[in-house]
Amino acid sequence: MPPTHEVFNQPPALTGYDVADDPAMLAALRREGAGWAEDGVRELGRLAGSALTQELGRQANENPPRLRTHDRFGNRVDEVEFHPAWHELMTVAVRHGLHGAAWRDARPGAHVARAAGFYVWGAAEAGHCCPVSMTYAIVPALREAPALAGRFEPLLATPEYDFGLRPPETKRGLLAGMSMTEKQGGSDVRANTTRAVPAGSGEYLLTGHKWFTSAPMGDLFMVLAQAPGGLSCFLLPRVRPDGTRNGMRLQRLKDKLGNRSNASAEVEYDEALAWPVGEEGRGVRTIIEMVNMTRLDCVLGTATGMRTGVTMAAHHAAHRMAFGRKLADQPLMAAVLADLAIESEATTLAAFRLAGATDRAVRGDAQEAAFRRLALAATKYWVCKRAPAHAAEALECLGGNGYVEESGMPRLYREAPLASIWEGSGNVAALDALRALTRQPESAEAFFAELDLAAGADGRLDQAVTRLRKEVSDPSEARARQLAEAMALVLQGALLVRYGDPAVADAFAASRLADDGGPGTWGHVFGTLPSGADTAAIVGRATPRLTG
Ligand SMILES: Cc1cc2nc3c(=O)[nH]c(=O)nc-3n(C[C@H](O)[C@H](O)[C@H](O)COP(=O)(O)OP(=O)(O)OC[C@H]3O[C@@H](n4cnc5c(N)ncnc54)[C@H](O)[C@@H]3O)c2cc1C
C-alpha cells in the first residue's frame, strides 16, 4: 500500500456502545415510574449500538421494500417484499414489546418503559418504527369496539413477529396501520370520500382510494370512511377471516425522501370488508385516540434522532484533530455541540414527561390527561420543527464525511422532516395546541399548573412564563406557531429547571428563555450560546463511551 493511503485522523467507528447510556433518558425513566425496566432498556441499548444492528439498519435502507402487485400468472397478490434485515429489526422490536404490549402490562410505568425501549431502539433504524408505532397506537381506538378489542388486542400485544398474508386470527402476532389521508385531503380528513356501505350483520364494505397508507403489509388497518351516519372509523383486515383476500389493492409504493426502509402505499379499497369502531359519524373522535399515541411517538422518535445526531457529532469531534487541537476542544465547535446537546436533552425530558402523562392518563388520571392534551400538541409542533435544523448541524460537525451516506448522517437528515408532517403537519399541530388552549380550559389549567411547579427556581423561566401568560390572551390563528413554540419552550425549561442537569438547564434558560435582547443573546442557528455556558460538561453528557 503506498504511504499516501495511510489512514489517520479519522475517528474510530461508532459501534459497540450502549445507546441507553443516556443520563437524561435514564433519569426520566426512573422519575416517570419505570425504573424497574432499566435492565431491559440497557440490553436493548447495547443491541442498538452494536455493529451488527447498525449493519441491519444500513441494509434495510439500501434495499428498500418492493411491491409485487401480481404473481407470474397475473393474479393480484398485493404483497410487499422486504430485505431480511427489515424482518430482523422488526423481530427485535416486537420481541421487546415496543408494539402493543404495554397495553396488557398492568405495571405502573409500562408505557414509560415502552417509550424508553422505543427511544433507544429507534437509534438502530427509524423506518421500521412506523409499523411498531401504529400497532402501539391502535389499541386505545380499538377499545371503542370492545368485541374487536377482545379478538385482536391479545395478538397486537404478543411478542411474536409473524409476517405474511393470513387471516388475522390464525397468526401468532399482528401489526396494524391506519388509512386516513386521501388525495384531496389529509389534514382535512372530513374531505374523505371513501364510502362505507352497510352489508348486514354489522359489517360494512368500503370503497375508495387512500393516498398514504404506511406499512401496508400490516394485518389490520384503522380506516376513515363516509358511512350513512357520517365520517366513521372502521377496522379493516388485509385478509378476511375466511382466508380470502380483502378488497385492498396496493397501487404503488411512494418514492419518499427518507424513511426508505418502510413502505408507504397508495391503496384502493374495493368493497373491502370492515367492522365499525365507535359510533357512526364520530370517526374523527375515535381515530384521534390512535393519532394521539402516534403523536407521542413523533416526539419520542424526534428525541431519538436528536440524541443520535449529537452523539455521532460529539464522537467525531472527540477524535478528529484540526488546527492542532481536537475539534471538541475548539471553543466554537464546543458551542455548537453543546447547543445541539441542550436541544436534545430538552426534547428527551419533554418526551418522557409526556410518556409519563400517557401512562397515568390511561390509568384514569384526569389531570394528567388534561395536561397531555395541550402539552403534546405544542411539543409535537415545536420539537419536530427543530429536527431538520438539528440534523443538518449535527451532520455538518462531521464536515464532508457527514455528507457521505456511509456516515449515517444523510439517513438521519432525510428522516428528520417526517415527524413534523405526519399526524398533524406543523400548522395543524400548532392550531391543535391553540384549540386545546382556548376550548379546553381544564387543559390550559393543567398546563400552567405544571409550570407553576417550577416557579421561583429560575428568574428567566419565571419571566418567560409571565410573557406566555400575556401572549395567550391573544390566541389568534395567525399566531398559533408563536404560541405553540412559547408553550413548548417554557415546558422544556420548567422540566430542565426541576430535573435536568444544572449546566444544561442554565444554558437552556440563558439561550431559549432569557429575553435580554443584548449582544449575548442566542442567535438563529445552533452554536450561538451566550457566554458562560459550561460546554465541556454539557458535551460530555452526549459523548458516547465505546465498550467494544
Ligand atoms: C412518509 C409518510 C407516511 C405517511 N403515512 C400515512 C399513513 O400511514 N396513513 C395516513 O393516513 N396518512 C399518512 N401520511 C399522510 C400524512 O399524515 C399527511 O400527509 C399529513 O397529514 C398532511 O396532509 P396532506 O398531505 O393532505 O397535506 P394538506 O392537508 O394539504 O396540508 C398541506 C399544508 O397545509 C397546512 N395546512 C393544512 N390545513 C391548514 C390550516 N387550516 N391552516 C394553515 N395551514 C394548514 C399543513 O400544515 C401543510 O403544511 C403519511 C405521510 C408521509 C409523508
# chains A, B, ... in the order shown; residues from 1 in each chain; ligands from 1
$ residues_near_ligand --ligand "ligand 1" --cutoff "6 Å" --atoms "only C-alpha atoms and all ligand atoms" --output "list in words"
Met178, Ser179, Met180, Thr181, Gly185, Gly186, Ser187, Asp188, Phe212, Thr213, Ser214, Ser264, Leu418, Ile421, Trp422, Glu423, Gly424, Ser425, Gly426, Asn427 and Val428 of chain A
$ residues_around --residues "A:Leu437" --least-positions-apart "6" --cutoff "12 Å" --atoms "only C-alpha atoms" --output "count of residues only"
29
$ closest_atom_pairs --of "stretch 235-314 of chain A" --to "stretch 66-86 of chain A" --cutoff "10 Å" --atoms "only C-alpha atoms" --output "Markdown table"
| residue | atom | partner | partner_atom | distance |
| --- | --- | --- | --- | --- |
| A:Arg238 | CA | A:Asp78 | CA | 10.0 |
| A:Arg245 | CA | A:Val77 | CA | 8.7 |
| A:Met248 | CA | A:Asp78 | CA | 8.1 |
| A:Arg249 | CA | A:Asp78 | CA | 6.0 |
| A:Leu250 | CA | A:Asp78 | CA | 5.5 |
| A:Gln251 | CA | A:Thr69 | CA | 7.6 |
| A:Arg252 | CA | A:Leu67 | CA | 6.9 |
| A:Leu253 | CA | A:Leu67 | CA | 6.7 |
| A:Ser261 | CA | A:Trp86 | CA | 7.3 |
| A:Asn262 | CA | A:Trp86 | CA | 8.6 |
| A:Ala263 | CA | A:Val80 | CA | 7.7 |
| A:Ala265 | CA | A:Leu67 | CA | 9.0 |
| A:Val267 | CA | A:Asp78 | CA | 9.9 |
$ closest_residue --among "A:Ala514, A:Ala457, A:Ala416, A:Ala536" --to "A:Val336" --atoms "only C-alpha atoms"
A:Ala536
$ select_by_dssp --residues "stretch 233-405 of chain A" --states "alpha helix (DSSP H)" --output "ChimeraX atom specification"
/A:283-319,331-362,366-397
$ residues_around --residues "A:Ala225" --least-positions-apart "6" --cutoff "7 Å" --atoms "only C-alpha atoms" --output "PyMOL selection string"
chain A and resi 192-196+231-233
$ residues_around --residues "A:Leu205" --least-positions-apart "2" --cutoff "9 Å" --atoms "only C-alpha atoms" --output "list in words"
Arg195, Ala196, Val197, Pro198, Ala199, Glu203, Thr207, Gly247, Tyr269, Asp270, Glu271, Ala272, Leu273, Ala274 and Trp275 of chain A
$ atom_distance --atom1 "atom CA of A:Gly100" --atom2 "atom CA of A:Glu266"
25.2 Å
$ residues_around --residues "A:His87" --least-positions-apart "5" --cutoff "10 Å" --atoms "only C-alpha atoms" --output "ChimeraX atom specification"
/A:56,60,82,92-93,128,161-163
$ write_last_selection --atoms "N, CA, C and O atoms" --output "PDB file, in the first residue's frame"
ATOM      1  N   LEU A  56     -27.665  -3.928  10.009  1.00  0.00           N
ATOM      2  CA  LEU A  56     -29.053  -4.238   9.627  1.00  0.00           C
ATOM      3  C   LEU A  56     -29.771  -2.961   9.176  1.00  0.00           C
ATOM      4  O   LEU A  56     -30.517  -2.963   8.194  1.00  0.00           O
ATOM      5  N   ALA A  60     -31.344  -2.473   5.492  1.00  0.00           N
ATOM      6  CA  ALA A  60     -32.787  -2.262   5.331  1.00  0.00           C
ATOM      7  C   ALA A  60     -33.068  -0.998   4.519  1.00  0.00           C
ATOM      8  O   ALA A  60     -34.072  -0.916   3.810  1.00  0.00           O
ATOM      9  N   PHE A  82     -39.639  -7.464   1.641  1.00  0.00           N
ATOM     10  CA  PHE A  82     -38.618  -6.743   2.416  1.00  0.00           C
ATOM     11  C   PHE A  82     -37.319  -7.527   2.460  1.00  0.00           C
ATOM     12  O   PHE A  82     -37.319  -8.761   2.393  1.00  0.00           O
ATOM     13  N   VAL A  92     -36.842  -7.925  16.641  1.00  0.00           N
ATOM     14  CA  VAL A  92     -36.324  -7.416  17.923  1.00  0.00           C
ATOM     15  C   VAL A  92     -37.338  -6.446  18.544  1.00  0.00           C
ATOM     16  O   VAL A  92     -37.643  -6.517  19.743  1.00  0.00           O
ATOM     17  N   ALA A  93     -37.865  -5.539  17.720  1.00  0.00           N
ATOM     18  CA  ALA A  93     -38.800  -4.529  18.247  1.00  0.00           C
ATOM     19  C   ALA A  93     -40.022  -5.197  18.882  1.00  0.00           C
ATOM     20  O   ALA A  93     -40.458  -4.819  19.975  1.00  0.00           O
ATOM     21  N   HIS A 128     -38.579   1.167  10.466  1.00  0.00           N
ATOM     22  CA  HIS A 128     -39.403   0.065  10.983  1.00  0.00           C
ATOM     23  C   HIS A 128     -40.164   0.464  12.238  1.00  0.00           C
ATOM     24  O   HIS A 128     -41.046  -0.257  12.683  1.00  0.00           O
ATOM     25  N   TYR A 161     -43.361 -11.716  16.057  1.00  0.00           N
ATOM     26  CA  TYR A 161     -43.449 -11.062  14.738  1.00  0.00           C
ATOM     27  C   TYR A 161     -43.756 -12.155  13.723  1.00  0.00           C
ATOM     28  O   TYR A 161     -42.961 -13.065  13.525  1.00  0.00           O
ATOM     29  N   ASP A 162     -44.927 -12.060  13.106  1.00  0.00           N
ATOM     30  CA  ASP A 162     -45.369 -13.134  12.214  1.00  0.00           C
ATOM     31  C   ASP A 162     -45.807 -12.494  10.895  1.00  0.00           C
ATOM     32  O   ASP A 162     -46.968 -12.149  10.705  1.00  0.00           O
ATOM     33  N   PHE A 163     -44.842 -12.328   9.999  1.00  0.00           N
ATOM     34  CA  PHE A 163     -45.097 -11.632   8.732  1.00  0.00           C
ATOM     35  C   PHE A 163     -45.891 -12.535   7.781  1.00  0.00           C
ATOM     36  O   PHE A 163     -45.705 -13.745   7.760  1.00  0.00           O
TER      37      PHE A 163
END
$ select_by_dssp --residues "stretch 198-238 of chain A" --states "strand (DSSP E or B)" --output "PDB file with all heavy atoms, in the first residue's frame"
ATOM      1  N   PRO A 198     -73.297  -0.364   4.598  1.00  0.00           N
ATOM      2  CA  PRO A 198     -73.639  -1.488   5.478  1.00  0.00           C
ATOM      3  C   PRO A 198     -73.908  -2.743   4.656  1.00  0.00           C
ATOM      4  O   PRO A 198     -74.555  -2.698   3.611  1.00  0.00           O
ATOM      5  CB  PRO A 198     -74.909  -1.013   6.185  1.00  0.00           C
ATOM      6  CG  PRO A 198     -74.924   0.469   6.031  1.00  0.00           C
ATOM      7  CD  PRO A 198     -74.225   0.776   4.750  1.00  0.00           C
ATOM      8  N   TYR A 204     -69.427  -3.774   7.080  1.00  0.00           N
ATOM      9  CA  TYR A 204     -69.529  -2.741   6.045  1.00  0.00           C
ATOM     10  C   TYR A 204     -68.595  -3.096   4.903  1.00  0.00           C
ATOM     11  O   TYR A 204     -67.608  -3.833   5.082  1.00  0.00           O
ATOM     12  CB  TYR A 204     -69.103  -1.368   6.617  1.00  0.00           C
ATOM     13  CG  TYR A 204     -70.113  -0.737   7.546  1.00  0.00           C
ATOM     14  CD1 TYR A 204     -70.379  -1.295   8.799  1.00  0.00           C
ATOM     15  CD2 TYR A 204     -70.784   0.431   7.178  1.00  0.00           C
ATOM     16  CE1 TYR A 204     -71.295  -0.702   9.656  1.00  0.00           C
ATOM     17  CE2 TYR A 204     -71.702   1.030   8.037  1.00  0.00           C
ATOM     18  CZ  TYR A 204     -71.950   0.459   9.270  1.00  0.00           C
ATOM     19  OH  TYR A 204     -72.857   1.051  10.112  1.00  0.00           O
ATOM     20  N   LEU A 205     -68.899  -2.538   3.734  1.00  0.00           N
ATOM     21  CA  LEU A 205     -67.996  -2.689   2.587  1.00  0.00           C
ATOM     22  C   LEU A 205     -67.474  -1.295   2.224  1.00  0.00           C
ATOM     23  O   LEU A 205     -68.261  -0.366   1.999  1.00  0.00           O
ATOM     24  CB  LEU A 205     -68.722  -3.323   1.399  1.00  0.00           C
ATOM     25  CG  LEU A 205     -69.185  -4.769   1.637  1.00  0.00           C
ATOM     26  CD1 LEU A 205     -69.977  -5.289   0.427  1.00  0.00           C
ATOM     27  CD2 LEU A 205     -68.003  -5.701   1.922  1.00  0.00           C
ATOM     28  N   LEU A 206     -66.144  -1.158   2.168  1.00  0.00           N
ATOM     29  CA  LEU A 206     -65.511   0.148   1.929  1.00  0.00           C
ATOM     30  C   LEU A 206     -64.978   0.236   0.504  1.00  0.00           C
ATOM     31  O   LEU A 206     -64.313  -0.704   0.027  1.00  0.00           O
ATOM     32  CB  LEU A 206     -64.340   0.356   2.904  1.00  0.00           C
ATOM     33  CG  LEU A 206     -64.651   1.028   4.247  1.00  0.00           C
ATOM     34  CD1 LEU A 206     -65.794   0.355   4.984  1.00  0.00           C
ATOM     35  CD2 LEU A 206     -63.413   1.106   5.105  1.00  0.00           C
ATOM     36  N   THR A 207     -65.273   1.373  -0.149  1.00  0.00           N
ATOM     37  CA  THR A 207     -64.762   1.602  -1.495  1.00  0.00           C
ATOM     38  C   THR A 207     -64.188   3.018  -1.560  1.00  0.00           C
ATOM     39  O   THR A 207     -64.874   3.982  -1.211  1.00  0.00           O
ATOM     40  CB  THR A 207     -65.897   1.446  -2.540  1.00  0.00           C
ATOM     41  OG1 THR A 207     -66.403   0.111  -2.434  1.00  0.00           O
ATOM     42  CG2 THR A 207     -65.382   1.662  -3.948  1.00  0.00           C
ATOM     43  N   GLY A 208     -62.941   3.112  -1.985  1.00  0.00           N
ATOM     44  CA  GLY A 208     -62.312   4.434  -2.071  1.00  0.00           C
ATOM     45  C   GLY A 208     -60.819   4.311  -2.264  1.00  0.00           C
ATOM     46  O   GLY A 208     -60.284   3.202  -2.360  1.00  0.00           O
ATOM     47  N   HIS A 209     -60.166   5.469  -2.342  1.00  0.00           N
ATOM     48  CA  HIS A 209     -58.733   5.472  -2.630  1.00  0.00           C
ATOM     49  C   HIS A 209     -58.008   6.247  -1.536  1.00  0.00           C
ATOM     50  O   HIS A 209     -58.299   7.415  -1.297  1.00  0.00           O
ATOM     51  CB  HIS A 209     -58.488   6.132  -3.989  1.00  0.00           C
ATOM     52  CG  HIS A 209     -57.119   5.918  -4.517  1.00  0.00           C
ATOM     53  ND1 HIS A 209     -56.866   5.234  -5.683  1.00  0.00           N
ATOM     54  CD2 HIS A 209     -55.910   6.263  -4.029  1.00  0.00           C
ATOM     55  CE1 HIS A 209     -55.561   5.185  -5.893  1.00  0.00           C
ATOM     56  NE2 HIS A 209     -54.957   5.804  -4.893  1.00  0.00           N
ATOM     57  N   LYS A 210     -57.046   5.592  -0.890  1.00  0.00           N
ATOM     58  CA  LYS A 210     -56.255   6.256   0.150  1.00  0.00           C
ATOM     59  C   LYS A 210     -54.884   6.578  -0.423  1.00  0.00           C
ATOM     60  O   LYS A 210     -54.270   5.762  -1.115  1.00  0.00           O
ATOM     61  CB  LYS A 210     -56.146   5.353   1.380  1.00  0.00           C
ATOM     62  CG  LYS A 210     -57.473   5.087   2.068  1.00  0.00           C
ATOM     63  CD  LYS A 210     -58.002   6.312   2.795  1.00  0.00           C
ATOM     64  CE  LYS A 210     -59.369   6.030   3.428  1.00  0.00           C
ATOM     65  NZ  LYS A 210     -59.891   7.193   4.147  1.00  0.00           N
ATOM     66  N   TRP A 211     -54.411   7.761  -0.115  1.00  0.00           N
ATOM     67  CA  TRP A 211     -53.220   8.309  -0.771  1.00  0.00           C
ATOM     68  C   TRP A 211     -51.923   7.966  -0.032  1.00  0.00           C
ATOM     69  O   TRP A 211     -50.844   8.012  -0.602  1.00  0.00           O
ATOM     70  CB  TRP A 211     -53.419   9.824  -0.869  1.00  0.00           C
ATOM     71  CG  TRP A 211     -52.451  10.614  -1.673  1.00  0.00           C
ATOM     72  CD1 TRP A 211     -51.766  11.692  -1.227  1.00  0.00           C
ATOM     73  CD2 TRP A 211     -52.083  10.448  -3.043  1.00  0.00           C
ATOM     74  NE1 TRP A 211     -50.992  12.204  -2.243  1.00  0.00           N
ATOM     75  CE2 TRP A 211     -51.176  11.455  -3.374  1.00  0.00           C
ATOM     76  CE3 TRP A 211     -52.454   9.529  -4.038  1.00  0.00           C
ATOM     77  CZ2 TRP A 211     -50.607  11.594  -4.639  1.00  0.00           C
ATOM     78  CZ3 TRP A 211     -51.885   9.652  -5.302  1.00  0.00           C
ATOM     79  CH2 TRP A 211     -50.972  10.669  -5.585  1.00  0.00           C
ATOM     80  N   PHE A 212     -52.028   7.705   1.248  1.00  0.00           N
ATOM     81  CA  PHE A 212     -50.847   7.394   2.067  1.00  0.00           C
ATOM     82  C   PHE A 212     -51.245   6.348   3.095  1.00  0.00           C
ATOM     83  O   PHE A 212     -51.908   6.678   4.079  1.00  0.00           O
ATOM     84  CB  PHE A 212     -50.398   8.629   2.856  1.00  0.00           C
ATOM     85  CG  PHE A 212     -49.241   9.379   2.275  1.00  0.00           C
ATOM     86  CD1 PHE A 212     -49.433  10.599   1.667  1.00  0.00           C
ATOM     87  CD2 PHE A 212     -47.947   8.882   2.373  1.00  0.00           C
ATOM     88  CE1 PHE A 212     -48.360  11.316   1.149  1.00  0.00           C
ATOM     89  CE2 PHE A 212     -46.872   9.591   1.865  1.00  0.00           C
ATOM     90  CZ  PHE A 212     -47.078  10.811   1.240  1.00  0.00           C
ATOM     91  N   THR A 213     -50.876   5.127   2.903  1.00  0.00           N
ATOM     92  CA  THR A 213     -51.078   4.126   3.950  1.00  0.00           C
ATOM     93  C   THR A 213     -49.733   3.468   4.184  1.00  0.00           C
ATOM     94  O   THR A 213     -49.267   2.665   3.367  1.00  0.00           O
ATOM     95  CB  THR A 213     -52.153   3.092   3.543  1.00  0.00           C
ATOM     96  OG1 THR A 213     -53.397   3.782   3.398  1.00  0.00           O
ATOM     97  CG2 THR A 213     -52.294   2.002   4.589  1.00  0.00           C
ATOM     98  N   SER A 214     -49.102   3.852   5.274  1.00  0.00           N
ATOM     99  CA  SER A 214     -47.790   3.288   5.569  1.00  0.00           C
ATOM    100  C   SER A 214     -47.939   1.889   6.123  1.00  0.00           C
ATOM    101  O   SER A 214     -49.000   1.514   6.633  1.00  0.00           O
ATOM    102  CB  SER A 214     -47.051   4.182   6.563  1.00  0.00           C
ATOM    103  OG  SER A 214     -46.687   5.386   5.928  1.00  0.00           O
ATOM    104  N   LEU A 220     -54.087  -5.340  10.102  1.00  0.00           N
ATOM    105  CA  LEU A 220     -55.328  -4.632  10.416  1.00  0.00           C
ATOM    106  C   LEU A 220     -55.105  -3.140  10.214  1.00  0.00           C
ATOM    107  O   LEU A 220     -54.027  -2.629  10.550  1.00  0.00           O
ATOM    108  CB  LEU A 220     -55.704  -4.855  11.890  1.00  0.00           C
ATOM    109  CG  LEU A 220     -55.981  -6.291  12.338  1.00  0.00           C
ATOM    110  CD1 LEU A 220     -56.031  -6.351  13.864  1.00  0.00           C
ATOM    111  CD2 LEU A 220     -57.287  -6.811  11.742  1.00  0.00           C
ATOM    112  N   PHE A 221     -56.125  -2.460   9.718  1.00  0.00           N
ATOM    113  CA  PHE A 221     -55.989  -1.010   9.475  1.00  0.00           C
ATOM    114  C   PHE A 221     -57.184  -0.274  10.056  1.00  0.00           C
ATOM    115  O   PHE A 221     -58.328  -0.710   9.908  1.00  0.00           O
ATOM    116  CB  PHE A 221     -55.917  -0.739   7.966  1.00  0.00           C
ATOM    117  CG  PHE A 221     -54.704  -1.367   7.348  1.00  0.00           C
ATOM    118  CD1 PHE A 221     -54.744  -2.680   6.924  1.00  0.00           C
ATOM    119  CD2 PHE A 221     -53.517  -0.673   7.265  1.00  0.00           C
ATOM    120  CE1 PHE A 221     -53.611  -3.295   6.408  1.00  0.00           C
ATOM    121  CE2 PHE A 221     -52.381  -1.273   6.755  1.00  0.00           C
ATOM    122  CZ  PHE A 221     -52.429  -2.589   6.318  1.00  0.00           C
ATOM    123  N   MET A 222     -56.884   0.848  10.687  1.00  0.00           N
ATOM    124  CA  MET A 222     -57.942   1.732  11.137  1.00  0.00           C
ATOM    125  C   MET A 222     -58.186   2.695   9.973  1.00  0.00           C
ATOM    126  O   MET A 222     -57.260   3.402   9.542  1.00  0.00           O
ATOM    127  CB  MET A 222     -57.485   2.474  12.386  1.00  0.00           C
ATOM    128  CG  MET A 222     -58.590   2.905  13.294  1.00  0.00           C
ATOM    129  SD  MET A 222     -59.654   1.595  13.852  1.00  0.00           S
ATOM    130  CE  MET A 222     -59.067   1.280  15.494  1.00  0.00           C
ATOM    131  N   VAL A 223     -59.414   2.695   9.455  1.00  0.00           N
ATOM    132  CA  VAL A 223     -59.722   3.431   8.223  1.00  0.00           C
ATOM    133  C   VAL A 223     -60.888   4.389   8.480  1.00  0.00           C
ATOM    134  O   VAL A 223     -61.856   4.019   9.151  1.00  0.00           O
ATOM    135  CB  VAL A 223     -60.122   2.442   7.095  1.00  0.00           C
ATOM    136  CG1 VAL A 223     -60.380   3.182   5.791  1.00  0.00           C
ATOM    137  CG2 VAL A 223     -59.041   1.389   6.893  1.00  0.00           C
ATOM    138  N   LEU A 224     -60.778   5.602   7.922  1.00  0.00           N
ATOM    139  CA  LEU A 224     -61.909   6.533   7.979  1.00  0.00           C
ATOM    140  C   LEU A 224     -62.695   6.438   6.677  1.00  0.00           C
ATOM    141  O   LEU A 224     -62.103   6.398   5.590  1.00  0.00           O
ATOM    142  CB  LEU A 224     -61.418   7.973   8.147  1.00  0.00           C
ATOM    143  CG  LEU A 224     -60.988   8.422   9.542  1.00  0.00           C
ATOM    144  CD1 LEU A 224     -60.583   9.896   9.501  1.00  0.00           C
ATOM    145  CD2 LEU A 224     -62.083   8.190  10.574  1.00  0.00           C
ATOM    146  N   ALA A 225     -64.016   6.402   6.793  1.00  0.00           N
ATOM    147  CA  ALA A 225     -64.851   6.354   5.591  1.00  0.00           C
ATOM    148  C   ALA A 225     -66.217   6.972   5.902  1.00  0.00           C
ATOM    149  O   ALA A 225     -66.627   7.040   7.064  1.00  0.00           O
ATOM    150  CB  ALA A 225     -65.015   4.906   5.131  1.00  0.00           C
ATOM    151  N   GLN A 226     -66.873   7.407   4.840  1.00  0.00           N
ATOM    152  CA  GLN A 226     -68.193   8.045   4.988  1.00  0.00           C
ATOM    153  C   GLN A 226     -69.273   6.968   5.037  1.00  0.00           C
ATOM    154  O   GLN A 226     -69.558   6.306   4.038  1.00  0.00           O
ATOM    155  CB  GLN A 226     -68.476   8.978   3.797  1.00  0.00           C
ATOM    156  CG  GLN A 226     -67.460  10.099   3.607  1.00  0.00           C
ATOM    157  CD  GLN A 226     -67.573  11.223   4.645  1.00  0.00           C
ATOM    158  OE1 GLN A 226     -68.463  11.202   5.496  1.00  0.00           O
ATOM    159  NE2 GLN A 226     -66.667  12.188   4.575  1.00  0.00           N
ATOM    160  N   ALA A 227     -69.863   6.789   6.208  1.00  0.00           N
ATOM    161  CA  ALA A 227     -70.983   5.856   6.374  1.00  0.00           C
ATOM    162  C   ALA A 227     -72.283   6.653   6.254  1.00  0.00           C
ATOM    163  O   ALA A 227     -72.235   7.892   6.221  1.00  0.00           O
ATOM    164  CB  ALA A 227     -70.861   5.185   7.740  1.00  0.00           C
ATOM    165  N   GLY A 230     -72.371   9.508   8.582  1.00  0.00           N
ATOM    166  CA  GLY A 230     -71.256  10.465   8.582  1.00  0.00           C
ATOM    167  C   GLY A 230     -69.901   9.769   8.651  1.00  0.00           C
ATOM    168  O   GLY A 230     -69.804   8.534   8.591  1.00  0.00           O
ATOM    169  N   LEU A 231     -68.857  10.590   8.788  1.00  0.00           N
ATOM    170  CA  LEU A 231     -67.489  10.056   8.766  1.00  0.00           C
ATOM    171  C   LEU A 231     -67.279   9.131   9.978  1.00  0.00           C
ATOM    172  O   LEU A 231     -67.478   9.542  11.125  1.00  0.00           O
ATOM    173  CB  LEU A 231     -66.474  11.203   8.801  1.00  0.00           C
ATOM    174  CG  LEU A 231     -65.025  10.801   8.521  1.00  0.00           C
ATOM    175  CD1 LEU A 231     -64.857  10.280   7.094  1.00  0.00           C
ATOM    176  CD2 LEU A 231     -64.086  11.998   8.746  1.00  0.00           C
ATOM    177  N   SER A 232     -66.864   7.911   9.684  1.00  0.00           N
ATOM    178  CA  SER A 232     -66.801   6.889  10.735  1.00  0.00           C
ATOM    179  C   SER A 232     -65.492   6.135  10.651  1.00  0.00           C
ATOM    180  O   SER A 232     -64.781   6.182   9.647  1.00  0.00           O
ATOM    181  CB  SER A 232     -67.979   5.906  10.577  1.00  0.00           C
ATOM    182  OG  SER A 232     -69.190   6.617  10.474  1.00  0.00           O
ATOM    183  N   CYS A 233     -65.220   5.419  11.734  1.00  0.00           N
ATOM    184  CA  CYS A 233     -63.960   4.689  11.844  1.00  0.00           C
ATOM    185  C   CYS A 233     -64.239   3.188  11.707  1.00  0.00           C
ATOM    186  O   CYS A 233     -65.229   2.687  12.255  1.00  0.00           O
ATOM    187  CB  CYS A 233     -63.393   5.008  13.221  1.00  0.00           C
ATOM    188  SG  CYS A 233     -61.700   4.563  13.409  1.00  0.00           S
ATOM    189  N   PHE A 234     -63.358   2.512  10.996  1.00  0.00           N
ATOM    190  CA  PHE A 234     -63.544   1.075  10.752  1.00  0.00           C
ATOM    191  C   PHE A 234     -62.227   0.336  10.944  1.00  0.00           C
ATOM    192  O   PHE A 234     -61.149   0.885  10.689  1.00  0.00           O
ATOM    193  CB  PHE A 234     -64.025   0.835   9.310  1.00  0.00           C
ATOM    194  CG  PHE A 234     -65.367   1.426   9.030  1.00  0.00           C
ATOM    195  CD1 PHE A 234     -65.499   2.732   8.562  1.00  0.00           C
ATOM    196  CD2 PHE A 234     -66.524   0.692   9.266  1.00  0.00           C
ATOM    197  CE1 PHE A 234     -66.738   3.299   8.337  1.00  0.00           C
ATOM    198  CE2 PHE A 234     -67.773   1.244   9.048  1.00  0.00           C
ATOM    199  CZ  PHE A 234     -67.884   2.551   8.569  1.00  0.00           C
ATOM    200  N   LEU A 235     -62.358  -0.919  11.314  1.00  0.00           N
ATOM    201  CA  LEU A 235     -61.198  -1.800  11.357  1.00  0.00           C
ATOM    202  C   LEU A 235     -61.274  -2.711  10.139  1.00  0.00           C
ATOM    203  O   LEU A 235     -62.280  -3.398   9.922  1.00  0.00           O
ATOM    204  CB  LEU A 235     -61.187  -2.648  12.628  1.00  0.00           C
ATOM    205  CG  LEU A 235     -59.924  -3.495  12.786  1.00  0.00           C
ATOM    206  CD1 LEU A 235     -58.731  -2.600  13.156  1.00  0.00           C
ATOM    207  CD2 LEU A 235     -60.112  -4.571  13.867  1.00  0.00           C
ATOM    208  N   LEU A 236     -60.206  -2.692   9.340  1.00  0.00           N
ATOM    209  CA  LEU A 236     -60.215  -3.413   8.068  1.00  0.00           C
ATOM    210  C   LEU A 236     -59.079  -4.441   8.057  1.00  0.00           C
ATOM    211  O   LEU A 236     -57.916  -4.077   8.246  1.00  0.00           O
ATOM    212  CB  LEU A 236     -60.048  -2.367   6.959  1.00  0.00           C
ATOM    213  CG  LEU A 236     -60.133  -2.831   5.520  1.00  0.00           C
ATOM    214  CD1 LEU A 236     -60.693  -1.698   4.654  1.00  0.00           C
ATOM    215  CD2 LEU A 236     -58.795  -3.265   4.950  1.00  0.00           C
ATOM    216  N   PRO A 237     -59.405  -5.718   7.911  1.00  0.00           N
ATOM    217  CA  PRO A 237     -58.345  -6.735   7.852  1.00  0.00           C
ATOM    218  C   PRO A 237     -57.816  -6.870   6.425  1.00  0.00           C
ATOM    219  O   PRO A 237     -58.571  -6.711   5.465  1.00  0.00           O
ATOM    220  CB  PRO A 237     -59.065  -8.010   8.273  1.00  0.00           C
ATOM    221  CG  PRO A 237     -60.473  -7.809   7.788  1.00  0.00           C
ATOM    222  CD  PRO A 237     -60.750  -6.326   7.819  1.00  0.00           C
TER     223      PRO A 237
END
